[in-house]
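A short write-up of the structure that comes next.
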Amino acid sequence: MSPTAPLPLAAATPFPGADYLIPALFLIFVATTVGGALLAVWAARIIRSVCGLALAALGLAGLYYFLNSPFLALMELLIYVGAVCVTIVFAVMLAEAEEPASEEKRSRSVLWTLAAALVAATVFWTAARLGVLGDWPTPAVSTRDWSVQAIGVSLLTTYSMAFEVISLVLLVAILGALAIARTGRHQA
Amino acid sequence: MNQLLQLHLQPAAYFVVAAFLLATGVFGLVHRRTLIGMLISGELIFAAASLNLMTVNRFFAPDPTVGQIFVLFIMGLAAAEVAIALSIVIAVYRNYSSIKTAELSHLKG
């Protein structure tokens with residue numbers, strides 16, 4: 001056999017179950033997002049709820065990867081897991097955020113939870129119905145430029161103004177946070 | 001079966017996940033009894049909006065960079081919002097020694 005001949009095995013049979021690999025990965029990411037969101041709103045301890053938010057961000061990053069945007073997947077991990085969740089953990093440590101055992105009557109608390117669940121179910125049903133049954137145009141075959149390079153070029157040309165404004169917003173937010181958290185410190 | 005295998009290529013799947021995130025966020029906003037819990041629920045709503053925008057961008061938009069940059073800005077705004085909200089939480093905790101939403105009132109009734 002000549003050394004340039006292609007490997008016959010790889011050409012004939014790909015990895016068994018390779019067709020199921022990508023859908024399974026997609027389902028895992030969806031399950032991570034859904035489970036993280038449920039944990040975030042349902043956990044009794046606030047620190048577990050922060051972990052749920054981090055889990056949901058992890059799943060969302062995977063979904064962004066499926067949506068052709070590895071850049072946003074990375075940003076989601078960096079900003080949400082790396083910055084937002086850590087900041088919330090710091091605030092939890094500074095202000096004891098334990099959710100108290102309800103002093104209200106048990107039945108009344110259950111009633112409020114049921115009402116909240118009803119509202120949430122209505123929102124979910126309406127939005128999901130719009131998404132599934134909506135009159136969307138047929139998805140086009142993607143032949144466009146999804147590279148990070150294209151994002152960088154448009155950030156520096158078309159959207160340079162928005163880019164500057166968002167940096168200004170972040171600066172003002174940091175200064176505002178400092179100003180708000182500082183006042184009253186010397187009195188206490 | 002074939003449609004199930006192509007689930008990640010259908011916009012409806014992403015729309016349903018985004019709707020679920022929105023619903024859990026709304027549920028958390030109503031259900032939670034501390035400021036930080038409500039803040040986390042708000043983040044879930046942000047995430048739902050981002051996922052929706054990215055889905056539309058991936059499947060229907062003519063220019064693929066628009067949605068990505070928009071979602072990037074949403075993330076930046078969410079980070080700014082968290083910084084402000086947490087500083088408010090800390091200021092409130094200093095004044096009231098509590099961040100339970102039921103106790104944060106001067107007026108009775």
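Every chain in the structure tokens takes a letter, A first, then B, and so on in the order presented; its residues are numbered from 1, and the ligands are numbered from 1 following the presented order.
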For chain A against chain B, with a cut-off of 6 Å and counting only C-alpha atoms, what is the closest atom pair and its distance in Å to one decimal for every residue that makes the cut, ordered by chain and number, as a tab-separated table?
```
residue	atom	partner	partner_atom	distance
A:Pro23	CA	B:Leu5	CA	5.7
A:Val41	CA	B:Gly28	CA	4.9
A:Leu67	CA	B:Arg58	CA	6.0
A:Ala116	CA	B:Phe27	CA	5.4
A:Ala120	CA	B:Ala23	CA	4.6
A:Val123	CA	B:Ala23	CA	5.7
A:Phe124	CA	B:Ala23	CA	5.1
A:Ala127	CA	B:Ala19	CA	5.4
A:Ala128	CA	B:Val16	CA	4.9
A:Gly131	CA	B:Phe15	CA	5.3
A:Val132	CA	B:Ala12	CA	4.9
A:Pro139	CA	B:Phe59	CA	5.2
A:Ile151	CA	B:Thr65	CA	5.6
A:Leu170	CA	B:Ala80	CA	5.6
A:Ala173	CA	B:Ala80	CA	5.4
A:Ala177	CA	B:Ile84	CA	4.9
A:Ala181	CA	B:Ser87	CA	5.0
```
- Task: Determine which residues of chain A DSSP labels as helix (DSSP H, G or I) from the backbone of this structure, then write them out as a PyMOL selection string.
- Result: chain A and resi 8-12+18-42+46-66+70-94+106-133+148-156+160-182
